[in-house]
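> Mind having a look at this structure? Questions to follow.
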Amino acid sequence: MTKSRGSIDDRIEQLHAGGVIDMHFDLPMDLYEKRAQPNVLATEFLPEFEAGGMGLIGAAIYIEDKYLPEHGTRVALDQISRLYTEAKQSKRCVVCRTHEEISRALDSKTIGFLITMEGVEPFGDDLDLLRAFYELGVREIGLTHARTNAAGHGGIFAATGSSPEGLTPFGRDLVRECEKLGVIVDLAHINPAGFKEIVDLTTKPLIVSHTNSRKFYDVERNINDEQIKMIGERRGVIGINSVLVGPRQEDATLDRYLDHIEHVASLIGIQEEVDGREINDAAFHSGSHESFARQKLDAQIDRARF
């Protein structure tokens with residue numbers, strides 16, 4: 001039986017109840033690049049966050065190649081500073097460090113930011129910097145982006161060819177220290193050998209903040225069924241990415257995006273699957289409005305019986 005418009009709207013409202021969680025957004029990088037402009041968060045991003053019903057956003061520190069290696073640590077610190085400053089100025093956003101602070105933000109309809117890190121280039125090979133960034137609010141770390149660094153190797157955007165090596169000694173020490181501090185380890189971007197080693201080194205739930213299934217787009221940047229099941233067995237969480245949905249432009253459709261969601265859900269259940277769309281500046285300013293896209297996606301998810 002076809003659902004009525006009213007029942008679909010009710011289900012969409014349920015999906016948004018308490019606020020939508022997006023596990024990965026390169027917001028700090030954008031705030032840093034626009035640091036000469038006032039109130040960037042409030043004017044360029046906040047209206048879309050509110051229209052999309054965002055509750056918690058993983059605000060990812062990412063260092064572009066042009067700043068490495070000399071300025072990686074400074075730029076990361078500046079990105080954190082800009083996030084705190086802009087969040088306070090907006091009066092609608094707050095940086096969260098604890099579960100209690102996240103719950104308080106969600107209950108008060110304030111948009112919370114969880115500071116994450118995509119690639120540990122800001123640490124160099126200095127393990128003590130992990131504790132320093134933890135004290136500044138970093139609560140989730142992915143060891144690599146697509147490149148190699150002192151901790152390990154990124155998965156490449158091809159079916160084969162990533163480094164066969166796992167983590168470096170520094171990378172292994174970093175993972176162990178994350179577990180001690182309570183920093184979530186994010187397996188997005190890590191190469192297959194590094195992925196398996198992180199799983200073996202850890203005992204706590206893991207996440208893949210933004211990825212897709214290799215069943216539909218077979219690149220090492222995405223994850224295969226075995227890796228999906230590893231995360232499910234550890235009661236971890238996988239965020240489905242709106243980038244890398246298919247190898248050809250004609251494959252990059254909303255239906256194919258839902259195929260990724262359905263496939264992961266069929267393997268480990270929907271409770272271990274969330275939103276990891278990797279929204280970026282282009283999505284906000286290229287004419288592809290996130291609030292409209294979210295409405296379409298919510299309706300499609302509902303029709304797919306989620």
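All residue names refer to the structure tokens as shown: chains lettered A, B, ... in order, residues numbered from 1 in each chain, ligands numbered from 1 in order.
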May I have the residues within 12 Å of Glu64 (chain A) as a ChimeraX atom specification, using only C-alpha atoms and disregarding those fewer than 3 positions away in the same chain?
/A:26,28-30,32-33,61,67-73,75-76,118-122,145-147
> Can you spit out the residues from that selection as a PDB file, in the first residue's frame, using N, CA and C atoms?

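Ended up saving to selection.pdb:
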ATOM      1  N   ASP A  26      34.088  19.538   6.541  1.00  0.00           N
ATOM      2  CA  ASP A  26      35.351  20.280   6.609  1.00  0.00           C
ATOM      3  C   ASP A  26      35.119  21.766   6.898  1.00  0.00           C
ATOM      4  N   PRO A  28      35.987  23.723   9.644  1.00  0.00           N
ATOM      5  CA  PRO A  28      37.081  24.554  10.157  1.00  0.00           C
ATOM      6  C   PRO A  28      38.027  25.060   9.064  1.00  0.00           C
ATOM      7  N   MET A  29      38.284  24.225   8.056  1.00  0.00           N
ATOM      8  CA  MET A  29      39.139  24.650   6.949  1.00  0.00           C
ATOM      9  C   MET A  29      38.531  25.843   6.231  1.00  0.00           C
ATOM     10  N   ASP A  30      37.239  25.811   5.989  1.00  0.00           N
ATOM     11  CA  ASP A  30      36.576  26.903   5.287  1.00  0.00           C
ATOM     12  C   ASP A  30      36.575  28.172   6.139  1.00  0.00           C
ATOM     13  N   TYR A  32      38.770  28.957   8.320  1.00  0.00           N
ATOM     14  CA  TYR A  32      40.141  29.464   8.325  1.00  0.00           C
ATOM     15  C   TYR A  32      40.452  30.218   7.041  1.00  0.00           C
ATOM     16  N   GLU A  33      40.077  29.657   5.909  1.00  0.00           N
ATOM     17  CA  GLU A  33      40.373  30.305   4.634  1.00  0.00           C
ATOM     18  C   GLU A  33      39.633  31.641   4.501  1.00  0.00           C
ATOM     19  N   ILE A  61      39.063  19.045  11.183  1.00  0.00           N
ATOM     20  CA  ILE A  61      40.303  19.739  10.866  1.00  0.00           C
ATOM     21  C   ILE A  61      40.970  18.998   9.712  1.00  0.00           C
ATOM     22  N   TYR A  67      50.050  23.834   3.002  1.00  0.00           N
ATOM     23  CA  TYR A  67      50.509  24.233   4.337  1.00  0.00           C
ATOM     24  C   TYR A  67      51.490  23.245   4.957  1.00  0.00           C
ATOM     25  N   LEU A  68      51.740  22.137   4.253  1.00  0.00           N
ATOM     26  CA  LEU A  68      52.573  21.075   4.821  1.00  0.00           C
ATOM     27  C   LEU A  68      53.965  21.092   4.214  1.00  0.00           C
ATOM     28  N   PRO A  69      54.973  20.681   5.032  1.00  0.00           N
ATOM     29  CA  PRO A  69      54.859  20.245   6.431  1.00  0.00           C
ATOM     30  C   PRO A  69      55.019  21.362   7.450  1.00  0.00           C
ATOM     31  N   GLU A  70      55.543  22.515   7.024  1.00  0.00           N
ATOM     32  CA  GLU A  70      55.976  23.524   7.978  1.00  0.00           C
ATOM     33  C   GLU A  70      54.860  24.099   8.833  1.00  0.00           C
ATOM     34  N   HIS A  71      53.663  24.274   8.256  1.00  0.00           N
ATOM     35  CA  HIS A  71      52.628  25.042   8.947  1.00  0.00           C
ATOM     36  C   HIS A  71      51.420  24.209   9.385  1.00  0.00           C
ATOM     37  N   GLY A  72      51.539  22.890   9.340  1.00  0.00           N
ATOM     38  CA  GLY A  72      50.397  22.044   9.657  1.00  0.00           C
ATOM     39  C   GLY A  72      49.840  22.263  11.055  1.00  0.00           C
ATOM     40  N   THR A  73      50.715  22.309  12.052  1.00  0.00           N
ATOM     41  CA  THR A  73      50.259  22.473  13.436  1.00  0.00           C
ATOM     42  C   THR A  73      49.624  23.838  13.644  1.00  0.00           C
ATOM     43  N   VAL A  75      48.200  25.869  11.424  1.00  0.00           N
ATOM     44  CA  VAL A  75      46.929  25.999  10.716  1.00  0.00           C
ATOM     45  C   VAL A  75      45.837  25.207  11.440  1.00  0.00           C
ATOM     46  N   ALA A  76      46.173  24.031  11.984  1.00  0.00           N
ATOM     47  CA  ALA A  76      45.189  23.261  12.740  1.00  0.00           C
ATOM     48  C   ALA A  76      44.728  24.035  13.975  1.00  0.00           C
ATOM     49  N   GLU A 118      40.998  15.010  10.334  1.00  0.00           N
ATOM     50  CA  GLU A 118      41.123  14.148   9.156  1.00  0.00           C
ATOM     51  C   GLU A 118      42.583  14.168   8.693  1.00  0.00           C
ATOM     52  N   GLY A 119      43.348  13.198   9.179  1.00  0.00           N
ATOM     53  CA  GLY A 119      44.783  13.167   8.916  1.00  0.00           C
ATOM     54  C   GLY A 119      45.541  13.813  10.064  1.00  0.00           C
ATOM     55  N   VAL A 120      46.551  13.102  10.579  1.00  0.00           N
ATOM     56  CA  VAL A 120      47.252  13.591  11.780  1.00  0.00           C
ATOM     57  C   VAL A 120      48.516  14.375  11.432  1.00  0.00           C
ATOM     58  N   GLU A 121      48.560  14.973  10.253  1.00  0.00           N
ATOM     59  CA  GLU A 121      49.700  15.805   9.879  1.00  0.00           C
ATOM     60  C   GLU A 121      50.020  16.892  10.912  1.00  0.00           C
ATOM     61  N   PRO A 122      49.024  17.478  11.606  1.00  0.00           N
ATOM     62  CA  PRO A 122      49.361  18.490  12.621  1.00  0.00           C
ATOM     63  C   PRO A 122      50.225  17.967  13.755  1.00  0.00           C
ATOM     64  N   HIS A 145      44.338  11.072   5.411  1.00  0.00           N
ATOM     65  CA  HIS A 145      43.448  11.368   4.297  1.00  0.00           C
ATOM     66  C   HIS A 145      43.919  10.422   3.185  1.00  0.00           C
ATOM     67  N   ALA A 146      43.976  10.881   1.964  1.00  0.00           N
ATOM     68  CA  ALA A 146      44.370   9.997   0.861  1.00  0.00           C
ATOM     69  C   ALA A 146      45.884   9.837   0.748  1.00  0.00           C
ATOM     70  N   ARG A 147      46.626  10.615   1.505  1.00  0.00           N
ATOM     71  CA  ARG A 147      48.085  10.610   1.383  1.00  0.00           C
ATOM     72  C   ARG A 147      48.719   9.793   2.519  1.00  0.00           C
TER      73      ARG A 147
END
> Can you pull out the residues contacting region 91-97 of chain A? Cut-off 8 Å, using only C-alpha atoms, and skip same-chain residues under 2 positions away; I want them as a list in words.
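That gives Leu83, Tyr84, Ala87, Lys88, Gln89, His99, Glu101, Ile102, Ala105, Thr110, Ile111, Gly112, Phe113, Leu114, Ile115, Gly137, Val138 and Arg139 of chain A.
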> DSSP on the backbone, strand (DSSP E or B) only: what residues of region 21-90 of chain A does that give? Format it as number ranges by chain.
A: 21-25, 54-61
> Give me, please, the distance in Å between CA of Phe195 (chain A) and CA of Leu258 (chain A), quoted to one decimal.
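If I compute the distance from CA of Phe195 (chain A) to CA of Leu258 (chain A), I get 24.6 Å.
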> Would you please give, as an NGL selection string, all residues of region 95-216 of chain A that DSSP assigns to helix (DSSP H, G or I) based on the backbone?
:A and (99-107 or 121-123 or 128-135 or 169-181 or 192-201)
> From the set A:Gly154, A:Pro169, A:Pro247, A:Gly18, which residue has the shortest atom-to-atom contact distance to Ser213 (chain A), counting only C-alpha atoms?
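Comparing A:Gly154, A:Pro169, A:Pro247, A:Gly18 against Ser213 (chain A), the winner is A:Pro247.
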